[in-house]
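Down below is the structure, laid out as structure tokens.
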Amino acid sequence: MKVRMCCTGLRNLLQGLSFGAKYYSKHNPPQTVCPYSKIAPKKCHILGCSKSTCTHRTAPPGSILPCRFFSCKQEGTKVLSKRKQNTSIVTSDLLHKSLLKSEQKNWNNISPTYKAVTKRIKEKLEELHNMYTLNSRSPRIRFGENVYFEENGCIFLAKADDGEGNAKILFSIEDLGFSDAFIQRIRISPDQRYMAISLKSENSEEATCIIMKLGHLPVVEKVIPSVFSFEWAANDVLYYTAQKNLKSQNVFRTTFTYHEHTKLVYTEQDARFFVDLYCTKDRRFLTINSNSKTASEVWLVDCRHPFESPALVQARTTGLIYHIEHRKDQLYILTTYGEPAEYKLMKAPVASSGKENWQLVYALERKTKLVDFEMFSDDCIMFLKNAGHLYLNVISFVSHSVQSIKLPTWACEFELESHPEHTTSTCYFQLSSPVHPPKRFAYSFKENNLIEQAVQEVPIITNCHTTRLLAKSKDETLVPITVFHNKNSKELHRRPLLVHVYGAYGIDLNMSFKEEKLMLIEEGWILAYCHVRGGGEQGLSWHRDGCQHNKLKGLHDLRACIMLLHQVGFSQPKHTALAAASAGGVLAGALCNTDPALLRAMVLQAPFVDVLNTMMKTHLPLTIEEQEEWGNPLEDEKCMKYIKSYCPYQNIKPQCYPSVFITAYENDERVPLTGILQYVQKLRKAALDHASRTSKKAAGPLFKLE
């Protein structure tokens, strides 16, 4: 079976730094890099274990863009003295360069083998990219009669009734010398005199904020480096958070009228907490949100008095997560407060905001995931997921009723468009799936109905069938699986199967549209997405059941899913590949150790494969906050033994492994290349030891990529 590795653009998910329902899909949209983006990429190395060697190359723009949530450094648990650290760094650097040089040589020898297939894949992806991606459009931001939108690195201003043909360019990345960056976030001041933009390069974890003074000739007013989030509290008052070493813990306020002045207004002292900003929909309050994975604390800045000190809503309490909206002098609170510990909508007076005054407005049903939430003047909309199906609930504050709206059965992902005016009568959003390009929909509050928008002609996918299954795990828990395949495919048990898994941080599998997934469907592949515990597909309890001392449940879920797929006739082990990125590498690597016979190949993108050694190093920037996901092996011996029982790197043993294909960034702050090289080295040695012990000639190489 040929395992084809095509150019993939994964979302740069910042959700690993958010800890509740107020997702960055709304307030800080994750970026999806197209296969042929103009953005200069970070150097990417591809490690394909082939003929007991490890291949390497530098990837083209838009190749593997892994979502990364943690650091994975070298082995060892002892914090060295400065002199010993320097010696260790030099030794490690030499080892790293030696391994890298060896892999480069190996790839140069083997890469001509894949020239033809690479050319064919590229041509097909270009065709699909032109057909679908170029027909899509970026979200529009409407302020009264003005519409702001971004296309091809430029920000435009158009009149709502004048069409976009006469749009005016307000900002251009290339004109300001930021050609290697992309636009991450746009915020317009309330009076539309200023525009704040964050630019981010693939070579950096930190963004740069550009403040433009709008007018007949827009000019750059200020440049702020190393910014994570920002919001306008008033016409000329901007709050922003500074990011350093993968953390955001300081909030600043800067002004632009008369004398420019910047002041520190909030500092988070707890390393487990990450700070971001958000403005309530009615722009009454700016919220300073300090979140860990298990607790929240929100401070309010009154936008009518932006220079006054922030006011605390509710002090942080372990297990209590909450987020704030505002309507008519009432705080509306999305929170886990009360039983069961799932999200509920509650309310309280602004003047008495403590949890003892919170009153229930609406509670989610069991095993329901709150995907997003949007507040309007008289209603709010909850985007929900249950058993893989998306739907929305419209809560009326006037009639005190709840209207449930079913969404198309093929929909797996949605993106909520920006609605700066909370008095609008229509909510716009886009729906997609891995094989269905985004379609725009609108919900009308006045008409109380869902409308499909036909803004631009997009080819309709008619030959793809969507199936949803439930696999029974080891403890009898039913685990959802979403399957896509070509309706015209015959003998599905003979078709190649690509299985996807993640299962960490309460984050759902990424199921947004990608041209390469559609290409696989057209070529007869079956795509399966396993929504195992540890992810967030069935609510907060689904995450809790798969983290810390429950991590093995995610492994049991994955095994059950793959076995069910084979049992019902979707492919068979010799035609099955498993794909995972970042923390998904834990479960994928663990399954590769425990059940290698279930797979023929495994594709890992910047994988986290050594949980134990990483969590023993508290000097790494994210280790402390990651303890709420993986546990603390330094202080808990049982935790150490438990992590060691499933950690991919720790459990490599001599046996016949599936083919393995790995990608990693050379200068990645979260998942360094050296750790992955060590994993590949140990995996290769185990496979060779197995071959030596069995003294049998293999029909083909133990590791290969065709």
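By convention in this document, the chains of the structure tokens carry letters A, B, ... by their order, each chain's residues are numbered from 1, and ligands are numbered from 1 in the order they are shown.
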
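Looking only at stretch 510-566 of chain A, the set that DSSP places in strand (DSSP E or B) from backbone geometry is Ile526, Leu527, Ala528, Tyr529, Cys530, Arg533 and Gly535 of chain A.
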
Quick one: which stretch 363-386 of chain A residues come within 12 Å of stretch 417-430 of chain A, and what is the nearest atom pair for each with the distance in Å to one decimal, counting only C-alpha atoms, rows ordered by chain and ascending number, as a tab-separated table?
```
residue	atom	partner	partner_atom	distance
A:Asp372	CA	A:Phe429	CA	11.2
A:Phe373	CA	A:Cys427	CA	11.4
A:Glu374	CA	A:Cys427	CA	8.8
A:Met375	CA	A:His422	CA	7.1
A:Phe376	CA	A:His422	CA	4.7
A:Ser377	CA	A:Thr423	CA	5.2
A:Asp378	CA	A:Thr423	CA	8.0
A:Asp379	CA	A:His422	CA	9.6
A:Cys380	CA	A:Cys427	CA	9.9
A:Ile381	CA	A:Cys427	CA	8.6
A:Met382	CA	A:Cys427	CA	11.4
A:Phe383	CA	A:Phe429	CA	10.4
```

Since we have the selection now, will you write its residues out, keeping all heavy atoms, as an mmCIF file, in the first residue's frame?
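In the end it all went to result-v6.cif:
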```
data_model
loop_
_atom_site.group_PDB
_atom_site.id
_atom_site.type_symbol
_atom_site.label_atom_id
_atom_site.label_comp_id
_atom_site.auth_asym_id
_atom_site.auth_seq_id
_atom_site.Cartn_x
_atom_site.Cartn_y
_atom_site.Cartn_z
ATOM 1 N N ASP A 372 -19.339 27.442 20.602
ATOM 2 C CA ASP A 372 -19.192 28.899 20.623
ATOM 3 C C ASP A 372 -20.476 29.542 21.106
ATOM 4 O O ASP A 372 -21.515 28.879 21.222
ATOM 5 C CB ASP A 372 -18.816 29.430 19.242
ATOM 6 C CG ASP A 372 -17.921 30.662 19.329
ATOM 7 O OD1 ASP A 372 -17.985 31.372 20.346
ATOM 8 O OD2 ASP A 372 -17.165 30.912 18.378
ATOM 9 N N PHE A 373 -20.377 30.843 21.360
ATOM 10 C CA PHE A 373 -21.470 31.576 21.992
ATOM 11 C C PHE A 373 -21.411 33.009 21.489
ATOM 12 O O PHE A 373 -20.347 33.612 21.422
ATOM 13 C CB PHE A 373 -21.275 31.516 23.512
ATOM 14 C CG PHE A 373 -22.198 32.400 24.299
ATOM 15 C CD1 PHE A 373 -23.467 31.974 24.635
ATOM 16 C CD2 PHE A 373 -21.794 33.654 24.730
ATOM 17 C CE1 PHE A 373 -24.313 32.780 25.386
ATOM 18 C CE2 PHE A 373 -22.625 34.467 25.475
ATOM 19 C CZ PHE A 373 -23.895 34.021 25.804
ATOM 20 N N GLU A 374 -22.553 33.567 21.103
ATOM 21 C CA GLU A 374 -22.601 34.937 20.603
ATOM 22 C C GLU A 374 -23.797 35.659 21.220
ATOM 23 O O GLU A 374 -24.922 35.148 21.203
ATOM 24 C CB GLU A 374 -22.707 34.945 19.081
ATOM 25 C CG GLU A 374 -22.639 36.318 18.454
ATOM 26 C CD GLU A 374 -21.230 36.867 18.328
ATOM 27 O OE1 GLU A 374 -20.433 36.620 19.253
ATOM 28 O OE2 GLU A 374 -20.927 37.523 17.323
ATOM 29 N N MET A 375 -23.543 36.844 21.756
ATOM 30 C CA MET A 375 -24.575 37.630 22.424
ATOM 31 C C MET A 375 -25.082 38.735 21.505
ATOM 32 O O MET A 375 -24.304 39.404 20.830
ATOM 33 C CB MET A 375 -24.012 38.239 23.709
ATOM 34 C CG MET A 375 -24.980 39.119 24.472
ATOM 35 S SD MET A 375 -26.266 38.172 25.319
ATOM 36 C CE MET A 375 -25.356 37.582 26.749
ATOM 37 N N PHE A 376 -26.410 38.928 21.503
ATOM 38 C CA PHE A 376 -27.032 40.023 20.767
ATOM 39 C C PHE A 376 -27.926 40.803 21.731
ATOM 40 O O PHE A 376 -28.043 40.452 22.910
ATOM 41 C CB PHE A 376 -27.823 39.478 19.575
ATOM 42 C CG PHE A 376 -26.949 38.797 18.558
ATOM 43 C CD1 PHE A 376 -26.678 37.432 18.644
ATOM 44 C CD2 PHE A 376 -26.374 39.511 17.516
ATOM 45 C CE1 PHE A 376 -25.857 36.808 17.722
ATOM 46 C CE2 PHE A 376 -25.562 38.892 16.591
ATOM 47 C CZ PHE A 376 -25.301 37.541 16.692
ATOM 48 N N SER A 377 -28.565 41.839 21.245
ATOM 49 C CA SER A 377 -29.311 42.728 22.137
ATOM 50 C C SER A 377 -30.460 42.018 22.852
ATOM 51 O O SER A 377 -30.675 42.225 24.048
ATOM 52 C CB SER A 377 -29.838 43.938 21.360
ATOM 53 O OG SER A 377 -30.666 43.515 20.288
ATOM 54 N N ASP A 378 -31.216 41.167 22.138
ATOM 55 C CA ASP A 378 -32.371 40.503 22.746
ATOM 56 C C ASP A 378 -32.272 38.980 22.739
ATOM 57 O O ASP A 378 -33.177 38.291 23.211
ATOM 58 C CB ASP A 378 -33.659 40.914 22.017
ATOM 59 C CG ASP A 378 -33.983 42.387 22.216
ATOM 60 O OD1 ASP A 378 -33.732 42.890 23.325
ATOM 61 O OD2 ASP A 378 -34.465 43.028 21.264
ATOM 62 N N ASP A 379 -31.186 38.460 22.174
ATOM 63 C CA ASP A 379 -31.031 37.008 22.055
ATOM 64 C C ASP A 379 -29.562 36.641 22.227
ATOM 65 O O ASP A 379 -28.672 37.489 22.162
ATOM 66 C CB ASP A 379 -31.484 36.516 20.674
ATOM 67 C CG ASP A 379 -32.876 36.979 20.292
ATOM 68 O OD1 ASP A 379 -32.990 38.107 19.743
ATOM 69 O OD2 ASP A 379 -33.833 36.236 20.529
ATOM 70 N N CYS A 380 -29.337 35.360 22.422
ATOM 71 C CA CYS A 380 -27.977 34.836 22.296
ATOM 72 C C CYS A 380 -28.060 33.507 21.555
ATOM 73 O O CYS A 380 -29.102 32.836 21.562
ATOM 74 C CB CYS A 380 -27.299 34.676 23.652
ATOM 75 S SG CYS A 380 -27.856 33.261 24.620
ATOM 76 N N ILE A 381 -26.967 33.166 20.885
ATOM 77 C CA ILE A 381 -26.909 31.921 20.121
ATOM 78 C C ILE A 381 -25.800 31.045 20.679
ATOM 79 O O ILE A 381 -24.681 31.508 20.884
ATOM 80 C CB ILE A 381 -26.663 32.181 18.623
ATOM 81 C CG1 ILE A 381 -27.884 32.848 18.000
ATOM 82 C CG2 ILE A 381 -26.345 30.893 17.889
ATOM 83 C CD1 ILE A 381 -27.778 33.028 16.494
ATOM 84 N N MET A 382 -26.124 29.790 20.939
ATOM 85 C CA MET A 382 -25.135 28.799 21.338
ATOM 86 C C MET A 382 -24.937 27.808 20.201
ATOM 87 O O MET A 382 -25.906 27.205 19.723
ATOM 88 C CB MET A 382 -25.598 28.037 22.583
ATOM 89 C CG MET A 382 -25.553 28.829 23.858
ATOM 90 S SD MET A 382 -25.994 27.785 25.276
ATOM 91 C CE MET A 382 -25.614 28.894 26.630
ATOM 92 N N PHE A 383 -23.691 27.662 19.756
ATOM 93 C CA PHE A 383 -23.362 26.636 18.776
ATOM 94 C C PHE A 383 -22.931 25.393 19.540
ATOM 95 O O PHE A 383 -21.983 25.434 20.333
ATOM 96 C CB PHE A 383 -22.259 27.119 17.848
ATOM 97 C CG PHE A 383 -22.729 28.139 16.849
ATOM 98 C CD1 PHE A 383 -22.826 29.473 17.192
ATOM 99 C CD2 PHE A 383 -23.106 27.751 15.570
ATOM 100 C CE1 PHE A 383 -23.270 30.416 16.288
ATOM 101 C CE2 PHE A 383 -23.552 28.681 14.651
ATOM 102 C CZ PHE A 383 -23.636 30.019 15.011
#
```

I need the residues in stretch 632-681 of chain A that are alpha helix (DSSP H) according to DSSP; give them as a PyMOL selection string.
chain A and resi 637-646+673-681

If you take only C-alpha atoms and a cut-off of 7 Å, which residues of stretch 589-611 of chain A touch stretch 579-583 of chain A, and what are their nearest atom pairs and distances in Å to one decimal, in chain and number order, as a Markdown table?
```
| residue | atom | partner | partner_atom | distance |
| --- | --- | --- | --- | --- |
| A:Met602 | CA | A:Ala579 | CA | 5.9 |
| A:Val603 | CA | A:Ala579 | CA | 4.7 |
| A:Leu604 | CA | A:Ala580 | CA | 5.2 |
| A:Gln605 | CA | A:Ala581 | CA | 4.4 |
| A:Ala606 | CA | A:Ser582 | CA | 5.3 |
| A:Pro607 | CA | A:Ser582 | CA | 4.3 |
| A:Phe608 | CA | A:Ala583 | CA | 5.1 |
```

Could you write those residues out with N, CA, C and O atoms, as a tab-separated table (two decimals), in the first residue's frame?
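Result went into out.tsv, see below:
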```tsv
chain	number	residue	atom	x	y	z
A	602	MET	N	2.11	5.20	9.88
A	602	MET	CA	1.77	6.24	10.84
A	602	MET	C	2.43	7.55	10.40
A	602	MET	O	3.60	7.58	10.06
A	603	VAL	N	1.64	8.63	10.39
A	603	VAL	CA	2.13	9.96	10.01
A	603	VAL	C	2.00	10.87	11.22
A	603	VAL	O	0.90	11.09	11.73
A	604	LEU	N	3.12	11.42	11.70
A	604	LEU	CA	3.14	12.28	12.88
A	604	LEU	C	3.67	13.66	12.51
A	604	LEU	O	4.72	13.77	11.88
A	605	GLN	N	2.95	14.68	12.92
A	605	GLN	CA	3.34	16.06	12.63
A	605	GLN	C	3.73	16.75	13.94
A	605	GLN	O	2.90	16.95	14.82
A	606	ALA	N	5.02	17.11	14.05
A	606	ALA	CA	5.56	17.72	15.27
A	606	ALA	C	5.03	17.01	16.51
A	606	ALA	O	4.41	17.63	17.38
A	607	PRO	N	5.24	15.70	16.63
A	607	PRO	CA	4.56	14.94	17.68
A	607	PRO	C	5.19	15.11	19.07
A	607	PRO	O	6.40	15.27	19.22
A	608	PHE	N	4.34	15.05	20.08
A	608	PHE	CA	4.75	15.00	21.48
A	608	PHE	C	4.90	13.52	21.82
A	608	PHE	O	3.91	12.81	21.96
```

Among the residues A:Met511, A:Leu246, A:Leu277, A:Ile652, the one that comes closest to A:Glu205 [using only C-alpha atoms]
A:Leu246

Show which residues sit within 10 Å of A:Phe230, as an NGL selection string. Count only C-alpha atoms, and ignore same-chain residues fewer than 4 positions away.
:A and (28 or 185-187 or 196-198 or 209 or 238-242 or 251-253 or 276-279)

Separation of atom CA of A:Met563 and atom CA of A:Leu587, in Å?
15.3 Å

My list of candidates is A:Ala341, A:Val680, A:Leu634, A:Cys561. Which is closest to A:Gly589 when distances are computed with only C-alpha atoms?
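Of all the options, A:Val680 lies closest to A:Gly589.
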
Among listed residues A:Tyr148, A:Phe274, A:Tyr391, A:Tyr322, nearest A:Ser296 (using only C-alpha atoms)
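Result for the nearest residue to A:Ser296: A:Tyr322.
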
From the set A:Leu99, A:Ala528, A:Leu392, A:Ala116, which residue has the shortest atom-to-atom contact distance to A:Gly675, counting only C-alpha atoms?
A:Leu99

Could you tell me how far atom CA of A:Cys547 lies from atom CA of A:Ile624, in Å and to one decimal?
15.3 Å

Between A:Leu370, A:Leu199, A:Leu683, A:Ile643, which is the closest to A:Ile662 once you count only C-alpha atoms?
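Of A:Leu370, A:Leu199, A:Leu683, A:Ile643, the one nearest A:Ile662, counting only C-alpha atoms, is A:Leu683.
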
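Using only C-alpha atoms, the shortest contact distance between A:Ile395 and any of A:Thr267, A:Gln655, A:Asn448, A:Asn357 is found at A:Asn448.
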
I'd like the neighbourhood of A:Gly524 as a VMD selection string, where a residue qualifies if any of its atoms comes within 8 Å (using only C-alpha atoms), though same-chain residues fewer than 3 positions away should be ignored.
chain A and resid 485 to 486 489 495 to 496 520 to 521

Using only all heavy atoms, please write the residues we just selected to a file, as a PDB file, in the first residue's frame.
```
ATOM      1  N   HIS A 485     -16.292   8.713   2.861  1.00  0.00           N
ATOM      2  CA  HIS A 485     -15.779   7.895   1.756  1.00  0.00           C
ATOM      3  C   HIS A 485     -16.539   8.216   0.486  1.00  0.00           C
ATOM      4  O   HIS A 485     -17.645   8.788   0.515  1.00  0.00           O
ATOM      5  CB  HIS A 485     -15.873   6.403   2.086  1.00  0.00           C
ATOM      6  CG  HIS A 485     -17.270   5.873   2.184  1.00  0.00           C
ATOM      7  ND1 HIS A 485     -17.980   5.430   1.092  1.00  0.00           N
ATOM      8  CD2 HIS A 485     -18.095   5.705   3.247  1.00  0.00           C
ATOM      9  CE1 HIS A 485     -19.183   5.018   1.479  1.00  0.00           C
ATOM     10  NE2 HIS A 485     -19.271   5.177   2.780  1.00  0.00           N
ATOM     11  N   ASN A 486     -15.969   7.845  -0.633  1.00  0.00           N
ATOM     12  CA  ASN A 486     -16.585   8.075  -1.935  1.00  0.00           C
ATOM     13  C   ASN A 486     -17.772   7.135  -2.117  1.00  0.00           C
ATOM     14  O   ASN A 486     -17.662   5.929  -1.901  1.00  0.00           O
ATOM     15  CB  ASN A 486     -15.544   7.844  -3.042  1.00  0.00           C
ATOM     16  CG  ASN A 486     -15.998   8.388  -4.377  1.00  0.00           C
ATOM     17  OD1 ASN A 486     -17.115   8.134  -4.823  1.00  0.00           O
ATOM     18  ND2 ASN A 486     -15.122   9.137  -5.033  1.00  0.00           N
ATOM     19  N   SER A 489     -17.208   4.133  -4.358  1.00  0.00           N
ATOM     20  CA  SER A 489     -16.180   3.142  -4.030  1.00  0.00           C
ATOM     21  C   SER A 489     -16.806   1.777  -3.778  1.00  0.00           C
ATOM     22  O   SER A 489     -17.791   1.658  -3.048  1.00  0.00           O
ATOM     23  CB  SER A 489     -15.387   3.581  -2.793  1.00  0.00           C
ATOM     24  OG  SER A 489     -14.636   4.732  -3.058  1.00  0.00           O
ATOM     25  N   ARG A 495     -10.068  -0.776   0.502  1.00  0.00           N
ATOM     26  CA  ARG A 495      -9.661   0.614   0.286  1.00  0.00           C
ATOM     27  C   ARG A 495      -8.709   1.083   1.390  1.00  0.00           C
ATOM     28  O   ARG A 495      -8.813   0.642   2.537  1.00  0.00           O
ATOM     29  CB  ARG A 495     -10.887   1.523   0.264  1.00  0.00           C
ATOM     30  CG  ARG A 495     -11.823   1.263  -0.901  1.00  0.00           C
ATOM     31  CD  ARG A 495     -11.175   1.686  -2.203  1.00  0.00           C
ATOM     32  NE  ARG A 495     -12.029   1.409  -3.361  1.00  0.00           N
ATOM     33  CZ  ARG A 495     -11.713   1.729  -4.604  1.00  0.00           C
ATOM     34  NH1 ARG A 495     -10.550   2.339  -4.840  1.00  0.00           N
ATOM     35  NH2 ARG A 495     -12.525   1.440  -5.598  1.00  0.00           N
ATOM     36  N   PRO A 496      -7.777   1.988   1.048  1.00  0.00           N
ATOM     37  CA  PRO A 496      -6.897   2.534   2.088  1.00  0.00           C
ATOM     38  C   PRO A 496      -7.672   3.428   3.051  1.00  0.00           C
ATOM     39  O   PRO A 496      -8.578   4.162   2.642  1.00  0.00           O
ATOM     40  CB  PRO A 496      -5.862   3.332   1.292  1.00  0.00           C
ATOM     41  CG  PRO A 496      -6.533   3.659  -0.002  1.00  0.00           C
ATOM     42  CD  PRO A 496      -7.454   2.512  -0.289  1.00  0.00           C
ATOM     43  N   LEU A 520      -7.918  12.832  -1.464  1.00  0.00           N
ATOM     44  CA  LEU A 520      -7.867  11.438  -1.037  1.00  0.00           C
ATOM     45  C   LEU A 520      -9.209  10.740  -1.260  1.00  0.00           C
ATOM     46  O   LEU A 520      -9.255   9.576  -1.682  1.00  0.00           O
ATOM     47  CB  LEU A 520      -7.468  11.357   0.441  1.00  0.00           C
ATOM     48  CG  LEU A 520      -6.031  11.775   0.784  1.00  0.00           C
ATOM     49  CD1 LEU A 520      -5.814  11.734   2.291  1.00  0.00           C
ATOM     50  CD2 LEU A 520      -5.024  10.881   0.080  1.00  0.00           C
ATOM     51  N   ILE A 521     -10.310  11.452  -0.963  1.00  0.00           N
ATOM     52  CA  ILE A 521     -11.638  10.871  -1.195  1.00  0.00           C
ATOM     53  C   ILE A 521     -11.819  10.544  -2.676  1.00  0.00           C
ATOM     54  O   ILE A 521     -12.309   9.465  -3.038  1.00  0.00           O
ATOM     55  CB  ILE A 521     -12.742  11.842  -0.722  1.00  0.00           C
ATOM     56  CG1 ILE A 521     -12.758  11.943   0.814  1.00  0.00           C
ATOM     57  CG2 ILE A 521     -14.120  11.394  -1.231  1.00  0.00           C
ATOM     58  CD1 ILE A 521     -13.191  10.683   1.521  1.00  0.00           C
TER      59      ILE A 521
END
```

Using only C-alpha atoms, I'd like a table of the residues in stretch 594-669 of chain A that come within 8 Å of stretch 287-295 of chain A; for each, show the closest atom pair and its distance in Å rounded to one decimal, ordered by chain and ascending number, as CSV.
```
residue,atom,partner,partner_atom,distance
A:Glu625,CA,A:Ser292,CA,7.1
A:Glu628,CA,A:Lys293,CA,6.5
A:Glu629,CA,A:Lys293,CA,7.8
```

Go ahead and write the selection's residues with all heavy atoms as a JSON list (two decimals), in the first residue's frame.
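Dumped to result20.json:
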```json
[["chain", "number", "residue", "atom", "x", "y", "z"],
["A", 625, "GLU", "N", 2.03, 24.73, 33.72],
["A", 625, "GLU", "CA", 0.62, 24.75, 33.37],
["A", 625, "GLU", "C", 0.18, 23.43, 32.74],
["A", 625, "GLU", "O", -0.99, 23.05, 32.81],
["A", 625, "GLU", "CB", 0.32, 25.90, 32.41],
["A", 625, "GLU", "CG", 0.95, 25.81, 31.05],
["A", 625, "GLU", "CD", 0.63, 27.03, 30.21],
["A", 625, "GLU", "OE1", 1.14, 28.12, 30.51],
["A", 625, "GLU", "OE2", -0.12, 26.87, 29.24],
["A", 628, "GLU", "N", -1.70, 20.27, 34.74],
["A", 628, "GLU", "CA", -3.14, 20.06, 34.87],
["A", 628, "GLU", "C", -3.67, 19.13, 33.78],
["A", 628, "GLU", "O", -4.78, 18.61, 33.88],
["A", 628, "GLU", "CB", -3.86, 21.40, 34.82],
["A", 628, "GLU", "CG", -3.54, 22.27, 36.03],
["A", 628, "GLU", "CD", -4.25, 23.61, 35.99],
["A", 628, "GLU", "OE1", -4.34, 24.20, 34.89],
["A", 628, "GLU", "OE2", -4.71, 24.06, 37.04],
["A", 629, "GLU", "N", -2.89, 18.89, 32.74],
["A", 629, "GLU", "CA", -3.27, 17.96, 31.67],
["A", 629, "GLU", "C", -2.64, 16.59, 31.86],
["A", 629, "GLU", "O", -3.29, 15.56, 31.69],
["A", 629, "GLU", "CB", -2.87, 18.52, 30.31],
["A", 629, "GLU", "CG", -3.15, 17.60, 29.13],
["A", 629, "GLU", "CD", -4.63, 17.45, 28.84],
["A", 629, "GLU", "OE1", -5.41, 18.36, 29.19],
["A", 629, "GLU", "OE2", -5.02, 16.43, 28.25]]
```

Point-to-point distance from atom CA of A:Ser659 to atom CA of A:Ala601, Å rounded to tenths
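Result for atom CA of A:Ser659 versus atom CA of A:Ala601: 4.3 Å, one decimal.
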